[in-house]
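Structure, as structure tokens:
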Amino acid sequence: MEKLLTHMGVPFIRVPGVDGRALASTPIPPSTYGNFLSHMKCWEMIAEGTEPFGLCLEDDVVFARNFREVFDDRRLLALDADIIRLEAFPTTMLLGPRLASLAGGYHARRLHNPSSGTAAYIVSKQGARWLLENAKPVDNVDEVVFGRKFCRIRKIVTLLPSPCTQYENAAGMPQDPAVSTSTITGQRVDRSRPKKTLAMRLKNELSVVWNRLRGRVRIDPTLHPSGPLIL
């Protein structure tokens with residue numbers, strides 16, 4: 001991360017991660033609890049800092065080659081969003097109409113459904129304060145930052161295509177010892193769902209029609225076609 005950010009000329013501060021194994025026992029797995037508290041440390045820095053926004057990055061982010069173009073675009077912060085989602089995560093998002101076109105072939109849309117993607121996001125000072133006041137430790141920090149409550153109350157915007165992704169989701173990446181030898185192991189939650197009944201399928205179809213009438217579309221985010229930045 002240090003090599004990539006230095007190469008792009010992006011100023012950064014390394015925030016030491018919280019080791020959840022050293023904390024009191026909780027129902028939440030130590031790795032995910034530590035990850036949540038690590039993000040909270042970043043929110044505190046942004047809420048107490050002098051800048052109106054801060055970029056939060058986990059330690060396995062892969063950047064698109066033209067990341068710096070959109071990062072420097074002043075129109076990005078003019079979106080007046082609490083959160084700007086940057087990550088291409090394998091999840092379908094419900095998005096509103098295009099809000100703005102940005103440098104590098106990117107554009108911004110409002111996020112309307114719970115999602116994932118906390119490996120890379122920009123949070124405003126107001127958004128960071130709201131998270132600190134309202135967020136409670138859960139199994140996954142994504143459920144807080146991009147959860148139903150935050151989506152409903154605050155303004156979340158996502159970029160398309162995505163300027164970032166996680167290492168494990170980037171195709172064609174070389175072996176990275178720093179990632180493959182990580183000592184932080186997560187415990188995945190079983191999110192399998194029961195088979196949909198006829199009533200559930202009908203409700204889902206009506207939801208699709210209703211959202212289309214409101215100008216909302218479902219999109220699977222992908223990394224920008226410029227490809228990953230590899231040094």
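Identifiers in this document derive from the order of the structure tokens: chains are assigned A, B, ..., residues are numbered from 1 separately in each chain, and ligands are numbered from 1 in order of occurrence.
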### Task
Excluding Met8 of chain A and any residue of its chain fewer than 2 positions from it, enumerate the residues within 12 Å of it, using only C-alpha atoms, and give them as a list of chain:residue names.
A:Met1, A:Glu2, A:Lys3, A:Leu4, A:Leu5, A:Thr6, A:Val10, A:Pro11, A:Phe12, A:Phe63, A:Ala64, A:Arg65, A:Asn66, A:Phe67, A:Arg68, A:Glu69, A:Phe71, A:Asp72, A:Leu229, A:Ile230, A:Leu231
### Query
Running DSSP on the backbone, which parts of segment 19-226 of chain A land in strand (DSSP E), as number ranges by chain?
A: 53-57, 61-63, 83-85, 93-101, 107-111, 120-124, 156-160, 164-166, 217-219
Expected file: the selected residues, C-alpha atoms, as a PDB file, in the first residue's frame:
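Result file is selection13.pdb:
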ATOM      1  CA  PHE A  53     -13.398  14.430   3.768  1.00  0.00           C
ATOM      2  CA  GLY A  54     -11.082  11.481   4.324  1.00  0.00           C
ATOM      3  CA  LEU A  55     -10.210   8.445   2.197  1.00  0.00           C
ATOM      4  CA  CYS A  56     -10.345   5.153   4.126  1.00  0.00           C
ATOM      5  CA  LEU A  57      -8.385   2.225   2.695  1.00  0.00           C
ATOM      6  CA  VAL A  61      -6.683  -2.467  -2.031  1.00  0.00           C
ATOM      7  CA  VAL A  62      -5.952  -2.680  -5.757  1.00  0.00           C
ATOM      8  CA  PHE A  63      -6.248   0.642  -7.603  1.00  0.00           C
ATOM      9  CA  ILE A  83     -19.992   8.336   1.818  1.00  0.00           C
ATOM     10  CA  ILE A  84     -18.451   7.885  -1.632  1.00  0.00           C
ATOM     11  CA  ARG A  85     -18.101   4.183  -2.357  1.00  0.00           C
ATOM     12  CA  MET A  93     -26.373  -2.522  -6.248  1.00  0.00           C
ATOM     13  CA  LEU A  94     -29.615  -0.585  -6.668  1.00  0.00           C
ATOM     14  CA  LEU A  95     -28.621   2.817  -8.009  1.00  0.00           C
ATOM     15  CA  GLY A  96     -30.377   6.047  -8.898  1.00  0.00           C
ATOM     16  CA  PRO A  97     -29.896   8.173 -12.031  1.00  0.00           C
ATOM     17  CA  ARG A  98     -26.460   9.525 -12.939  1.00  0.00           C
ATOM     18  CA  LEU A  99     -25.526  12.455 -10.695  1.00  0.00           C
ATOM     19  CA  ALA A 100     -22.325  13.598 -12.378  1.00  0.00           C
ATOM     20  CA  SER A 101     -19.730  12.620 -14.946  1.00  0.00           C
ATOM     21  CA  HIS A 107     -19.647   8.706 -13.164  1.00  0.00           C
ATOM     22  CA  ALA A 108     -21.508   8.870  -9.853  1.00  0.00           C
ATOM     23  CA  ARG A 109     -24.872   7.433  -8.802  1.00  0.00           C
ATOM     24  CA  ARG A 110     -26.802   7.362  -5.534  1.00  0.00           C
ATOM     25  CA  LEU A 111     -26.811   4.018  -3.685  1.00  0.00           C
ATOM     26  CA  ALA A 120     -12.047   1.776  -0.143  1.00  0.00           C
ATOM     27  CA  TYR A 121     -14.429   4.658   0.551  1.00  0.00           C
ATOM     28  CA  ILE A 122     -14.439   8.396   1.166  1.00  0.00           C
ATOM     29  CA  VAL A 123     -16.318   9.655   4.214  1.00  0.00           C
ATOM     30  CA  SER A 124     -17.235  13.251   5.026  1.00  0.00           C
ATOM     31  CA  ILE A 156     -24.224   7.408  -0.180  1.00  0.00           C
ATOM     32  CA  VAL A 157     -22.821   7.727  -3.690  1.00  0.00           C
ATOM     33  CA  THR A 158     -20.920   5.092  -5.659  1.00  0.00           C
ATOM     34  CA  LEU A 159     -18.569   5.478  -8.617  1.00  0.00           C
ATOM     35  CA  LEU A 160     -18.888   3.486 -11.825  1.00  0.00           C
ATOM     36  CA  CYS A 164     -10.666   0.224  -6.531  1.00  0.00           C
ATOM     37  CA  THR A 165     -11.178  -3.410  -5.640  1.00  0.00           C
ATOM     38  CA  GLN A 166      -9.823  -5.877  -3.096  1.00  0.00           C
ATOM     39  CA  VAL A 217     -31.243   0.345 -12.006  1.00  0.00           C
ATOM     40  CA  ARG A 218     -29.402  -2.724 -10.721  1.00  0.00           C
ATOM     41  CA  ILE A 219     -25.722  -2.809 -11.579  1.00  0.00           C
TER      42      ILE A 219
END
### Task
Can you pull out every residue within 10 Å of Ala171 of chain A, counting only C-alpha atoms, but drop anything in the same chain fewer than 4 positions away, and send it as a list in words?
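Residues meeting the cut-off are Tyr167, Leu223, Gly227 and Pro228 of chain A.
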Just-selected residues, C-alpha atoms written as an mmCIF file, in the first residue's frame:
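Output file part-v2.cif is given in full below:
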data_model
loop_
_atom_site.group_PDB
_atom_site.id
_atom_site.type_symbol
_atom_site.label_atom_id
_atom_site.label_comp_id
_atom_site.auth_asym_id
_atom_site.auth_seq_id
_atom_site.Cartn_x
_atom_site.Cartn_y
_atom_site.Cartn_z
ATOM 1 C CA TYR A 167 -6.809 -7.981 -3.976
ATOM 2 C CA LEU A 223 -12.983 -2.347 -11.850
ATOM 3 C CA GLY A 227 -6.952 -2.268 -15.362
ATOM 4 C CA PRO A 228 -5.172 -2.661 -12.041
#
### Query
Suppose you want the space between atom CA of Ile46 of chain A and atom CA of Ala170 of chain A; what is it in Å?
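Interatomic distance, atom CA of Ile46 of chain A to atom CA of Ala170 of chain A: 28.4 Å.
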Could you name the residues that touch Ala103 of chain A at 7 Å or less, counting only C-alpha atoms, but leaving out those on the same chain fewer than 2 positions away, as a PDB file with N, CA and C atoms, in the first residue's frame?
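The file below, around_4.pdb, is the result:
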ATOM      1  N   GLU A  69      -6.723  10.286 -11.427  1.00  0.00           N
ATOM      2  CA  GLU A  69      -7.541  11.217 -12.210  1.00  0.00           C
ATOM      3  C   GLU A  69      -8.843  11.550 -11.499  1.00  0.00           C
ATOM      4  N   VAL A  70      -9.555  10.534 -11.061  1.00  0.00           N
ATOM      5  CA  VAL A  70     -10.836  10.774 -10.399  1.00  0.00           C
ATOM      6  C   VAL A  70     -10.624  11.271  -8.971  1.00  0.00           C
ATOM      7  N   ASP A  73     -10.386  14.971  -9.065  1.00  0.00           N
ATOM      8  CA  ASP A  73     -11.509  15.683  -9.671  1.00  0.00           C
ATOM      9  C   ASP A  73     -12.311  16.423  -8.588  1.00  0.00           C
ATOM     10  N   GLY A 105     -13.447   8.849 -17.173  1.00  0.00           N
ATOM     11  CA  GLY A 105     -14.530   7.992 -17.638  1.00  0.00           C
ATOM     12  C   GLY A 105     -15.408   7.454 -16.530  1.00  0.00           C
ATOM     13  N   TYR A 106     -15.339   8.045 -15.346  1.00  0.00           N
ATOM     14  CA  TYR A 106     -16.178   7.623 -14.222  1.00  0.00           C
ATOM     15  C   TYR A 106     -17.458   8.457 -14.161  1.00  0.00           C
TER      16      TYR A 106
END
Segment 9-64 of chain A residues near segment 133-151 of chain A within 12 Å, closest pair each, using only C-alpha atoms, as a Markdown table:
| residue | atom | partner | partner_atom | distance |
| --- | --- | --- | --- | --- |
| A:Gly20 | CA | A:Pro137 | CA | 11.8 |
| A:Thr26 | CA | A:Pro137 | CA | 9.9 |
| A:Pro27 | CA | A:Asp139 | CA | 8.7 |
| A:Ile28 | CA | A:Asp139 | CA | 5.6 |
| A:Pro29 | CA | A:Asp139 | CA | 7.2 |
| A:Pro30 | CA | A:Asp139 | CA | 9.6 |
| A:Ser31 | CA | A:Asp139 | CA | 9.5 |
| A:Thr32 | CA | A:Asp139 | CA | 6.1 |
| A:Tyr33 | CA | A:Pro137 | CA | 6.8 |
| A:Gly34 | CA | A:Pro137 | CA | 9.6 |
| A:Asn35 | CA | A:Val141 | CA | 7.3 |
| A:Phe36 | CA | A:Val141 | CA | 5.2 |
| A:Leu37 | CA | A:Pro137 | CA | 7.9 |
| A:Ser38 | CA | A:Val141 | CA | 9.8 |
| A:His39 | CA | A:Val141 | CA | 7.9 |
| A:Met40 | CA | A:Ala135 | CA | 9.0 |
| A:Trp43 | CA | A:Glu133 | CA | 10.6 |
| A:Glu44 | CA | A:Glu133 | CA | 10.6 |
| A:Ala47 | CA | A:Glu133 | CA | 10.9 |
| A:Cys56 | CA | A:Val145 | CA | 11.6 |
| A:Glu58 | CA | A:Val141 | CA | 11.9 |
### Task
Could you tell me which of A:Ala119, A:Leu86, A:Leu132, A:Ala199 comes closest to Pro163 of chain A if we count only C-alpha atoms?
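The answer is A:Leu86, which sits nearest to Pro163 of chain A.
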### Query
Mind checking DSSP for segment 4-61 of chain A and telling me the alpha helix (DSSP H) residues as a PyMOL selection string?
chain A and resi 4-8+30-48
For C-alpha atoms, I'd like the residues from the last selection saved as a short mmCIF file (atom, residue, chain, number, x, y, z; two decimals), in the first residue's frame.
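Wrote selection-v4.cif, looks like this:
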data_model
loop_
_atom_site.label_atom_id
_atom_site.label_comp_id
_atom_site.auth_asym_id
_atom_site.auth_seq_id
_atom_site.Cartn_x
_atom_site.Cartn_y
_atom_site.Cartn_z
CA LEU A 4 1.21 2.20 -4.48
CA LEU A 5 0.13 5.39 -2.69
CA THR A 6 3.61 6.90 -2.90
CA HIS A 7 3.79 6.07 -6.62
CA MET A 8 0.47 7.86 -7.22
CA PRO A 30 -11.99 -11.32 16.93
CA SER A 31 -10.89 -10.58 13.35
CA THR A 32 -14.11 -8.80 12.35
CA TYR A 33 -14.37 -7.00 15.69
CA GLY A 34 -10.81 -5.73 15.31
CA ASN A 35 -11.57 -4.67 11.73
CA PHE A 36 -14.63 -2.71 12.89
CA LEU A 37 -12.62 -0.89 15.57
CA SER A 38 -9.86 -0.14 13.05
CA HIS A 39 -12.37 1.60 10.79
CA MET A 40 -13.71 3.46 13.82
CA LYS A 41 -10.21 4.84 14.48
CA CYS A 42 -10.25 6.27 10.95
CA TRP A 43 -13.68 7.84 11.50
CA GLU A 44 -12.38 9.50 14.68
CA MET A 45 -9.41 10.97 12.82
CA ILE A 46 -11.67 12.38 10.10
CA ALA A 47 -14.30 13.68 12.55
CA GLU A 48 -11.64 15.47 14.62
#
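The spacing separating atom CA of Asp60 of chain A from atom CA of Gly104 of chain A amounts to 22.8 Å.
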